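Visitor: File target-v9.tsv below, TSV, C-alpha atoms:
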```
chain	number	residue	atom	x	y	z
A	1	MET	CA	0.00	0.00	0.00
A	2	THR	CA	1.32	3.43	-0.90
A	3	ALA	CA	0.19	6.38	1.18
A	4	THR	CA	-0.38	9.91	0.06
A	5	THR	CA	1.89	12.65	1.37
A	6	ASP	CA	-0.69	13.91	3.90
A	7	HIS	CA	0.56	11.66	6.71
A	8	TYR	CA	2.85	12.72	9.52
A	9	LEU	CA	4.99	10.18	11.32
A	10	GLY	CA	6.53	10.72	14.73
A	11	ILE	CA	9.31	8.22	15.50
A	12	ASP	CA	10.71	7.96	19.04
A	13	LEU	CA	13.89	5.99	18.48
A	14	HIS	CA	15.63	3.76	21.01
A	15	LYS	CA	18.55	1.37	20.80
A	16	ARG	CA	16.61	-1.60	19.44
A	17	GLN	CA	13.01	-0.46	19.07
A	18	ALA	CA	11.04	2.58	18.03
A	19	GLN	CA	7.60	3.92	18.90
A	20	VAL	CA	5.79	5.22	15.84
A	21	ALA	CA	2.71	7.45	15.69
A	22	VAL	CA	1.01	8.32	12.40
A	23	LEU	CA	-1.39	11.23	12.01
A	24	ASP	CA	-3.50	12.15	9.00
A	25	ASP	CA	-3.79	15.64	7.52
A	26	GLU	CA	-6.47	16.56	10.07
A	27	GLY	CA	-4.33	15.49	13.01
A	28	GLN	CA	-6.19	12.26	13.74
A	29	VAL	CA	-4.22	9.20	14.83
A	30	VAL	CA	-4.07	6.68	12.01
A	31	GLU	CA	-1.71	4.19	13.61
A	32	GLU	CA	0.39	3.68	16.73
A	33	VAL	CA	2.87	0.85	16.79
A	34	ARG	CA	6.08	-0.23	18.49
A	35	VAL	CA	8.48	-1.96	16.11
A	36	ALA	CA	12.02	-3.25	16.02
A	37	ASN	CA	14.36	-0.77	14.39
A	38	ALA	CA	15.09	-3.38	11.73
A	39	ASP	CA	11.41	-3.28	10.73
A	40	LEU	CA	11.17	0.50	10.30
A	41	ASP	CA	11.74	0.00	6.57
A	42	GLU	CA	8.26	-1.55	6.35
A	43	ILE	CA	6.72	1.50	8.03
A	44	ALA	CA	8.62	3.80	5.67
A	45	GLN	CA	7.43	1.87	2.60
A	46	LYS	CA	3.85	1.80	3.87
A	47	TYR	CA	3.79	5.60	4.21
A	48	ALA	CA	6.20	6.39	1.38
A	49	GLY	CA	6.24	10.05	0.41
A	50	SER	CA	4.97	11.21	3.80
A	51	ASN	CA	6.66	13.48	6.31
A	52	ALA	CA	8.41	12.06	9.36
A	53	ALA	CA	10.09	13.48	12.46
A	54	LEU	CA	12.81	11.46	14.15
A	55	GLU	CA	14.17	12.37	17.57
A	56	ALA	CA	17.95	12.80	17.49
A	57	GLY	CA	19.86	10.12	19.37
A	58	SER	CA	23.18	8.30	19.36
A	59	ASN	CA	22.12	5.73	16.78
A	60	TYR	CA	20.13	7.85	14.35
A	61	PHE	CA	22.53	8.12	11.35
A	62	THR	CA	21.92	4.70	9.78
A	63	ILE	CA	18.19	4.74	10.46
A	64	TYR	CA	17.85	8.31	9.20
A	65	ASP	CA	19.54	7.33	5.93
A	66	ARG	CA	17.24	4.32	5.50
A	67	LEU	CA	14.04	6.23	6.26
A	68	ASP	CA	15.06	9.21	4.12
A	69	GLU	CA	14.91	6.99	1.03
A	70	GLU	CA	11.12	6.70	1.42
A	71	LEU	CA	10.10	9.63	3.65
A	72	ASP	CA	10.79	13.34	3.99
A	73	VAL	CA	12.59	13.10	7.35
A	74	THR	CA	13.18	15.90	9.84
A	75	LEU	CA	15.64	15.21	12.64
A	76	ALA	CA	14.17	16.81	15.76
A	77	ASN	CA	16.43	18.62	18.22
A	78	PRO	CA	15.21	17.63	21.72
A	79	ALA	CA	17.25	20.41	23.36
A	80	LYS	CA	15.09	22.98	21.56
A	81	ALA	CA	11.79	21.13	21.91
A	82	ASP	CA	10.29	21.75	25.35
A	83	TRP	CA	7.73	19.06	24.79
A	84	LEU	CA	10.52	16.48	24.43
A	85	GLU	CA	13.12	17.69	26.92
A	86	ASP	CA	11.08	18.93	29.89
A	87	GLN	CA	9.07	15.79	30.59
A	88	LYS	CA	9.66	14.49	34.11
A	89	GLN	CA	8.87	10.96	32.96
A	90	LYS	CA	9.63	9.63	29.51
A	91	ASN	CA	6.55	8.46	27.67
A	92	ASP	CA	7.37	6.95	24.30
A	93	ARG	CA	3.80	7.02	22.97
A	94	LYS	CA	3.40	10.67	23.96
A	95	ASP	CA	6.77	11.58	22.47
A	96	ALA	CA	5.94	9.90	19.16
A	97	LYS	CA	2.53	11.61	18.95
A	98	ASN	CA	4.04	14.97	19.85
A	99	LEU	CA	6.66	14.58	17.14
A	100	ALA	CA	3.95	13.85	14.58
A	101	ARG	CA	1.66	16.61	15.90
A	102	PHE	CA	4.29	19.35	15.88
A	103	LEU	CA	5.61	18.16	12.51
A	104	ARG	CA	2.12	18.64	11.08
A	105	LEU	CA	2.16	22.20	12.49
A	106	ASP	CA	5.66	22.76	11.05
A	107	GLU	CA	6.99	23.47	14.55
A	108	VAL	CA	9.67	20.79	14.98
A	109	PRO	CA	13.08	22.38	15.78
A	110	GLU	CA	15.46	20.74	13.34
A	111	SER	CA	18.89	19.23	14.03
A	112	TYR	CA	21.63	19.33	11.44
A	113	VAL	CA	22.31	16.05	9.67
A	114	PRO	CA	25.88	16.07	8.30
A	115	ARG	CA	26.78	14.43	5.03
A	116	LYS	CA	28.58	11.10	5.23
A	117	GLU	CA	32.05	12.56	4.71
A	118	PHE	CA	31.54	14.92	7.63
A	119	ARG	CA	30.34	12.03	9.78
A	120	ARG	CA	33.61	10.27	8.95
A	121	TYR	CA	35.66	13.30	9.97
A	122	ARG	CA	33.69	13.59	13.20
A	123	ALA	CA	34.13	9.93	14.03
A	124	LEU	CA	37.90	10.08	13.61
A	125	ALA	CA	38.43	13.33	15.51
A	126	ARG	CA	35.99	12.49	18.31
A	127	GLY	CA	37.51	9.02	18.58
A	128	ARG	CA	41.00	10.42	19.06
A	129	LYS	CA	39.71	12.85	21.70
A	130	LYS	CA	38.07	10.00	23.60
A	131	LEU	CA	41.31	8.03	23.58
A	132	VAL	CA	43.23	11.04	24.90
A	133	ASP	CA	40.59	11.57	27.59
A	134	LYS	CA	40.89	7.93	28.66
A	135	ARG	CA	44.68	8.22	28.84
A	136	SER	CA	44.29	11.37	30.93
A	137	ASP	CA	42.13	9.42	33.37
A	138	PHE	CA	45.00	7.00	33.99
A	139	LYS	CA	47.51	9.84	34.28
A	140	ASN	CA	45.28	11.33	36.95
A	141	GLU	CA	45.29	7.96	38.73
A	142	VAL	CA	49.11	8.07	38.79
A	143	ASN	CA	49.10	11.59	40.23
A	144	SER	CA	46.55	10.56	42.85
A	145	LEU	CA	48.61	7.49	43.78
A	146	LEU	CA	51.72	9.62	44.27
A	147	ASP	CA	49.77	12.07	46.42
A	148	GLN	CA	48.51	9.22	48.58
A	149	ASN	CA	52.09	8.08	49.11
A	150	GLY	CA	53.44	11.57	49.79
A	151	VAL	CA	55.60	11.52	46.64
A	152	THR	CA	56.31	14.75	44.75
A	153	TYR	CA	58.13	15.38	41.50
A	154	ASP	CA	59.19	18.71	40.02
A	155	GLY	CA	58.61	18.54	36.30
A	156	SER	CA	56.53	16.45	33.93
A	157	LEU	CA	56.01	12.83	34.90
A	158	TRP	CA	55.44	12.05	31.22
A	159	SER	CA	58.85	13.19	29.99
A	160	GLU	CA	61.66	10.66	29.68
A	161	GLU	CA	63.07	11.87	33.01
A	162	GLY	CA	59.66	11.64	34.65
A	163	ARG	CA	59.05	8.10	33.44
A	164	GLU	CA	62.51	7.10	34.69
A	165	PHE	CA	61.61	8.56	38.08
A	166	LEU	CA	58.42	6.46	38.16
A	167	ARG	CA	60.27	3.27	37.18
A	168	GLU	CA	62.77	3.70	40.03
A	169	LEU	CA	60.14	4.61	42.62
A	170	THR	CA	59.85	2.28	45.62
A	171	LEU	CA	56.35	1.96	47.10
A	172	ASP	CA	54.38	-0.66	49.03
A	173	ASP	CA	53.30	-3.77	47.12
A	174	ALA	CA	49.74	-2.63	46.37
A	175	SER	CA	50.82	0.84	45.21
A	176	GLU	CA	53.59	-0.57	43.01
A	177	LEU	CA	51.13	-2.95	41.34
A	178	LEU	CA	48.64	-0.15	40.73
A	179	LEU	CA	51.37	2.13	39.38
A	180	GLU	CA	52.50	-0.61	37.01
A	181	GLN	CA	48.94	-1.13	35.76
A	182	TRP	CA	48.28	2.57	35.28
A	183	LEU	CA	51.52	3.04	33.34
A	184	GLU	CA	50.81	0.04	31.11
A	185	ALA	CA	47.37	1.45	30.34
A	186	ILE	CA	48.88	4.85	29.53
A	187	ASP	CA	51.36	3.25	27.14
A	188	GLU	CA	48.62	1.22	25.46
A	189	PHE	CA	46.49	4.29	24.91
A	190	THR	CA	49.51	6.19	23.58
A	191	VAL	CA	49.93	3.52	20.89
A	192	LYS	CA	46.23	3.77	19.99
A	193	ILE	CA	46.37	7.57	19.86
A	194	LYS	CA	49.38	7.50	17.54
A	195	ARG	CA	47.62	5.03	15.25
A	196	MET	CA	44.52	7.22	15.16
A	197	GLN	CA	46.64	10.32	14.57
A	198	ARG	CA	48.32	8.71	11.55
A	199	ARG	CA	44.92	7.93	10.07
A	200	ILE	CA	43.70	11.47	10.70
A	201	GLU	CA	46.75	12.90	8.94
A	202	GLU	CA	46.14	10.63	5.95
A	203	VAL	CA	42.51	11.75	5.69
A	204	ALA	CA	43.38	15.41	6.26
A	205	ALA	CA	45.87	15.34	3.39
A	206	ASP	CA	43.01	14.67	0.96
A	207	VAL	CA	40.71	17.46	2.22
A	208	ASP	CA	41.46	20.77	0.51
A	209	GLU	CA	39.63	22.77	3.18
A	210	LEU	CA	42.08	21.48	5.78
A	211	ASP	CA	44.92	23.31	4.01
A	212	THR	CA	42.94	26.50	4.44
A	213	LEU	CA	42.22	25.87	8.11
A	214	MET	CA	45.78	24.83	8.92
A	215	SER	CA	47.10	28.13	7.61
A	216	ALA	CA	45.76	29.62	10.85
A	217	PRO	CA	47.92	29.51	14.00
A	218	GLY	CA	47.29	26.72	16.47
A	219	ILE	CA	45.57	24.41	13.98
A	220	ALA	CA	47.01	21.11	12.80
A	221	ALA	CA	45.54	17.97	11.20
A	222	PHE	CA	43.56	16.76	14.23
A	223	SER	CA	42.16	20.13	15.27
A	224	GLY	CA	41.49	21.10	11.66
A	225	LEU	CA	39.60	17.88	10.96
A	226	MET	CA	37.53	18.28	14.12
A	227	ILE	CA	36.67	21.90	13.34
A	228	TYR	CA	35.75	21.13	9.74
A	229	GLY	CA	33.79	18.01	10.67
A	230	GLU	CA	31.82	19.73	13.41
A	231	ILE	CA	31.01	22.82	11.32
A	232	GLY	CA	29.96	20.72	8.33
A	233	GLU	CA	28.77	22.49	5.22
A	234	VAL	CA	29.79	26.09	5.84
A	235	GLU	CA	27.17	27.28	3.34
A	236	ARG	CA	24.40	26.49	5.82
A	237	PHE	CA	25.43	29.54	7.85
A	238	ASP	CA	24.55	32.95	6.43
A	239	ARG	CA	26.52	34.97	8.98
A	240	ALA	CA	29.43	34.51	11.35
A	241	ALA	CA	27.06	35.08	14.29
A	242	GLU	CA	25.21	31.89	13.32
A	243	VAL	CA	28.29	29.66	13.46
A	244	VAL	CA	29.31	31.32	16.75
A	245	SER	CA	25.90	30.44	18.17
A	246	TYR	CA	26.18	26.91	16.78
A	247	ALA	CA	29.42	26.51	18.74
A	248	GLY	CA	27.79	27.85	21.91
A	249	LEU	CA	30.34	30.67	22.05
A	250	ASP	CA	27.74	33.43	21.85
A	251	PRO	CA	27.45	35.54	25.01
A	252	VAL	CA	24.12	35.57	26.82
A	253	ILE	CA	22.65	39.06	26.66
A	254	ARG	CA	20.99	40.36	29.82
A	255	GLU	CA	18.78	43.44	29.56
A	256	SER	CA	17.25	45.34	32.44
A	257	GLY	CA	15.64	48.71	31.91
A	258	ASP	CA	18.08	50.82	29.91
A	259	SER	CA	21.07	48.58	30.65
A	260	ARG	CA	22.36	45.82	28.42
A	261	ARG	CA	25.33	43.61	29.23
A	262	GLU	CA	26.90	40.40	28.03
A	263	GLY	CA	27.07	37.47	30.41
A	264	GLN	CA	28.68	34.07	30.11
A	265	ILE	CA	28.57	32.14	26.84
A	266	SER	CA	25.44	30.11	26.15
A	267	LYS	CA	27.20	26.70	25.87
A	268	GLU	CA	24.08	25.56	24.01
A	269	GLY	CA	25.79	24.57	20.80
A	270	ASN	CA	28.26	21.97	19.59
A	271	GLY	CA	30.47	21.06	22.57
A	272	TYR	CA	33.19	19.44	20.47
A	273	LEU	CA	33.56	22.53	18.30
A	274	ARG	CA	33.64	24.80	21.33
A	275	TRP	CA	36.25	22.64	23.08
A	276	ILE	CA	38.66	22.41	20.15
A	277	LEU	CA	38.45	26.13	19.41
A	278	VAL	CA	39.48	26.94	22.97
A	279	GLN	CA	42.42	24.52	22.65
A	280	CYS	CA	43.47	26.16	19.37
A	281	ALA	CA	43.12	29.64	20.81
A	282	ASN	CA	45.38	28.69	23.71
A	283	THR	CA	47.98	27.36	21.30
A	284	ALA	CA	47.75	30.40	19.03
A	285	VAL	CA	48.23	32.82	21.94
A	286	HIS	CA	50.71	31.02	24.16
A	287	ASN	CA	52.69	28.80	21.77
A	288	ALA	CA	52.42	30.31	18.30
A	289	LYS	CA	52.12	33.83	19.77
A	290	ASP	CA	50.08	34.98	16.78
A	291	PRO	CA	50.08	38.82	16.88
A	292	TYR	CA	46.42	39.23	15.91
A	293	LEU	CA	44.98	36.82	18.47
A	294	SER	CA	47.63	37.44	21.13
A	295	GLN	CA	47.06	41.18	21.16
A	296	PHE	CA	43.32	40.64	21.48
A	297	TYR	CA	43.79	38.16	24.35
A	298	TRP	CA	46.27	40.30	26.30
A	299	ARG	CA	44.21	43.43	25.85
A	300	LEU	CA	41.35	41.64	27.59
A	301	ARG	CA	43.67	40.34	30.31
A	302	ASN	CA	45.70	43.46	31.03
A	303	LYS	CA	43.48	46.42	30.10
A	304	ARG	CA	40.09	44.99	30.98
A	305	ASN	CA	41.23	42.73	33.84
A	306	LYS	CA	39.43	39.71	32.42
A	307	PRO	CA	40.39	36.30	33.86
A	308	HIS	CA	42.14	33.84	31.56
A	309	LYS	CA	39.04	31.72	31.01
A	310	VAL	CA	36.95	34.67	29.85
A	311	ALA	CA	39.73	36.05	27.64
A	312	ILE	CA	40.56	32.74	25.98
A	313	VAL	CA	36.91	32.00	25.23
A	314	ALA	CA	36.56	35.42	23.62
A	315	THR	CA	39.71	34.68	21.62
A	316	ALA	CA	38.27	31.33	20.54
A	317	ARG	CA	35.19	33.18	19.30
A	318	LYS	CA	37.36	35.58	17.32
A	319	LEU	CA	39.30	32.66	15.85
A	320	LEU	CA	36.07	30.94	14.81
A	321	VAL	CA	34.88	34.05	12.97
A	322	ALA	CA	38.20	34.16	11.11
A	323	LEU	CA	37.98	30.45	10.22
A	324	PHE	CA	34.39	30.82	9.05
A	325	ASN	CA	35.34	33.63	6.68
A	326	MET	CA	38.37	31.67	5.46
A	327	LEU	CA	36.22	28.67	4.59
A	328	ARG	CA	33.54	30.76	2.91
A	329	LYS	CA	36.05	32.65	0.77
A	330	ASN	CA	38.47	29.74	0.38
A	331	GLU	CA	41.28	32.03	1.51
A	332	PRO	CA	44.20	31.35	3.90
A	333	TYR	CA	44.63	33.06	7.25
A	334	ASP	CA	45.38	36.74	6.69
A	335	PRO	CA	44.39	38.87	9.70
A	336	PRO	CA	44.52	42.67	9.75
A	337	GLU	CA	47.83	44.30	10.52
A	338	VAL	CA	48.50	44.60	14.24
A	339	SER	CA	49.79	47.92	15.48
A	340	ALA	CA	52.71	47.88	17.89
```
Since I need it in another form, could you write the structure as structure tokens?
Guide:
Amino acid sequence: MTATTDHYLGIDLHKRQAQVAVLDDEGQVVEEVRVANADLDEIAQKYAGSNAALEAGSNYFTIYDRLDEELDVTLANPAKADWLEDQKQKNDRKDAKNLARFLRLDEVPESYVPRKEFRRYRALARGRKKLVDKRSDFKNEVNSLLDQNGVTYDGSLWSEEGREFLRELTLDDASELLLEQWLEAIDEFTVKIKRMQRRIEEVAADVDELDTLMSAPGIAAFSGLMIYGEIGEVERFDRAAEVVSYAGLDPVIRESGDSRREGQISKEGNGYLRWILVQCANTAVHNAKDPYLSQFYWRLRNKRNKPHKVAIVATARKLLVALFNMLRKNEPYDPPEVSA
């Protein structure tokens, strides 16, 4: 059976199953069903040509691609849909019907669905970050173990001298065993990170936009791939302010009477993009000492007495605006001249 396009499907997706609600053009419930995700193809074929809203989740990519072959699919953003996010108790049937109901009213806040190549870039960059985070957990365990044993070391424990210090350290049996395990885990993750880094560099070499991004200070293959992957198609943003908001680096504006002031950043956007931009800004200011970004950062620190965190976030925002314009114009980093 082939349906007309005047049906609206709400699909509340879970790991193995989905709750589906189907409304007609007048908003009446046509069908409610819970199906295995593997059987969603049958639902899509039954209502081919109709509109569908799918709640964004960790496993949506493959299912979105399958459904989009038969349906006009909107990926709903639960963070911007009060009727999805603010429920005290999850109710799959209610969620599915709400998705269909608000889709019919054209009021479903939409999430960005990146093309497959951008998904690949995201997977690689996010994967490397997760490996580094895991390694950092074990490094923290080593530091905690030394603190518990009253051991101090001036310098980096992860330099050759620091590792030699750890190898020669004499502790009680339990602490020595734990130290050995933590160090083995750190070394294992280091191998994995290097392997992932090699793959990232291979992929980055074939992406022309990465050459553009890496012309900016503080950006290398990993950070460039993460920035490009998280931004996605730059053409979807009309203005720099939109990509700044997407990264959650836009300041919250507070107005009271005749006063208007900027507060902390919203942090409502893409957390990966926000994180990597702050890392790159730190590198550009403190390692690369880029005149354009460094002067901006130190002016905030010294003349406006802003703390480091506030100044570096503002610098990250300035860097993002520069990168956005570089990508749009396909031009390398070329900031304005900095006066002495």
Visitor: Taking 3 positions as the minimum chain separation for residues in the same chain, which residues sit within 7 Å of region 137-150 of chain A when counting only C-alpha atoms? Answer as a ChimeraX atom specification.
Guide: /A:133-134,179,182,186
Visitor: State, in Å with one decimal place, the distance from CA of Asp187 (chain A) to CA of Ala205 (chain A).
Guide: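 We find that CA of Asp187 (chain A) and CA of Ala205 (chain A) lie 27.2 Å from each other.
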Visitor: Pick the closest to Met326 (chain A) from A:Thr74, A:Asn91, A:Gln279, A:Ser215: which is it, counting all atoms listed in the file?
Guide: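 Closest to Met326 (chain A) of all the choices is A:Ser215.
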Visitor: I'd like the neighbourhood of region 93-100 of chain A as a list in words, where a residue qualifies if any of its atoms comes within 6 Å (using only C-alpha atoms), though same-chain residues fewer than 4 positions away should be ignored.
Guide: Tyr8, Leu9, Gly10, Ile11, Asp12, Val20, Ala21 and Ala53 of chain A
Visitor: For each of A:Leu171, A:Ile265, A:Ala241, A:Leu277, take the minimum atom-to-atom distance to Ala220 (chain A), counting all atoms listed in the file, then give the residue where this is smallest.
Guide: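 Distance minimum relative to Ala220 (chain A) lands on A:Leu277.
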Visitor: Nearest to Arg236 (chain A): which of A:Gly224, A:Pro114, A:Phe165, A:Leu183 is it, counting all atoms listed in the file?
Guide: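 Smallest separation from Arg236 (chain A) among the options: A:Pro114.
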Visitor: State, in Å with one decimal place, the distance from CA of Ser111 (chain A) to CA of Leu75 (chain A).
Guide: 5.4 Å
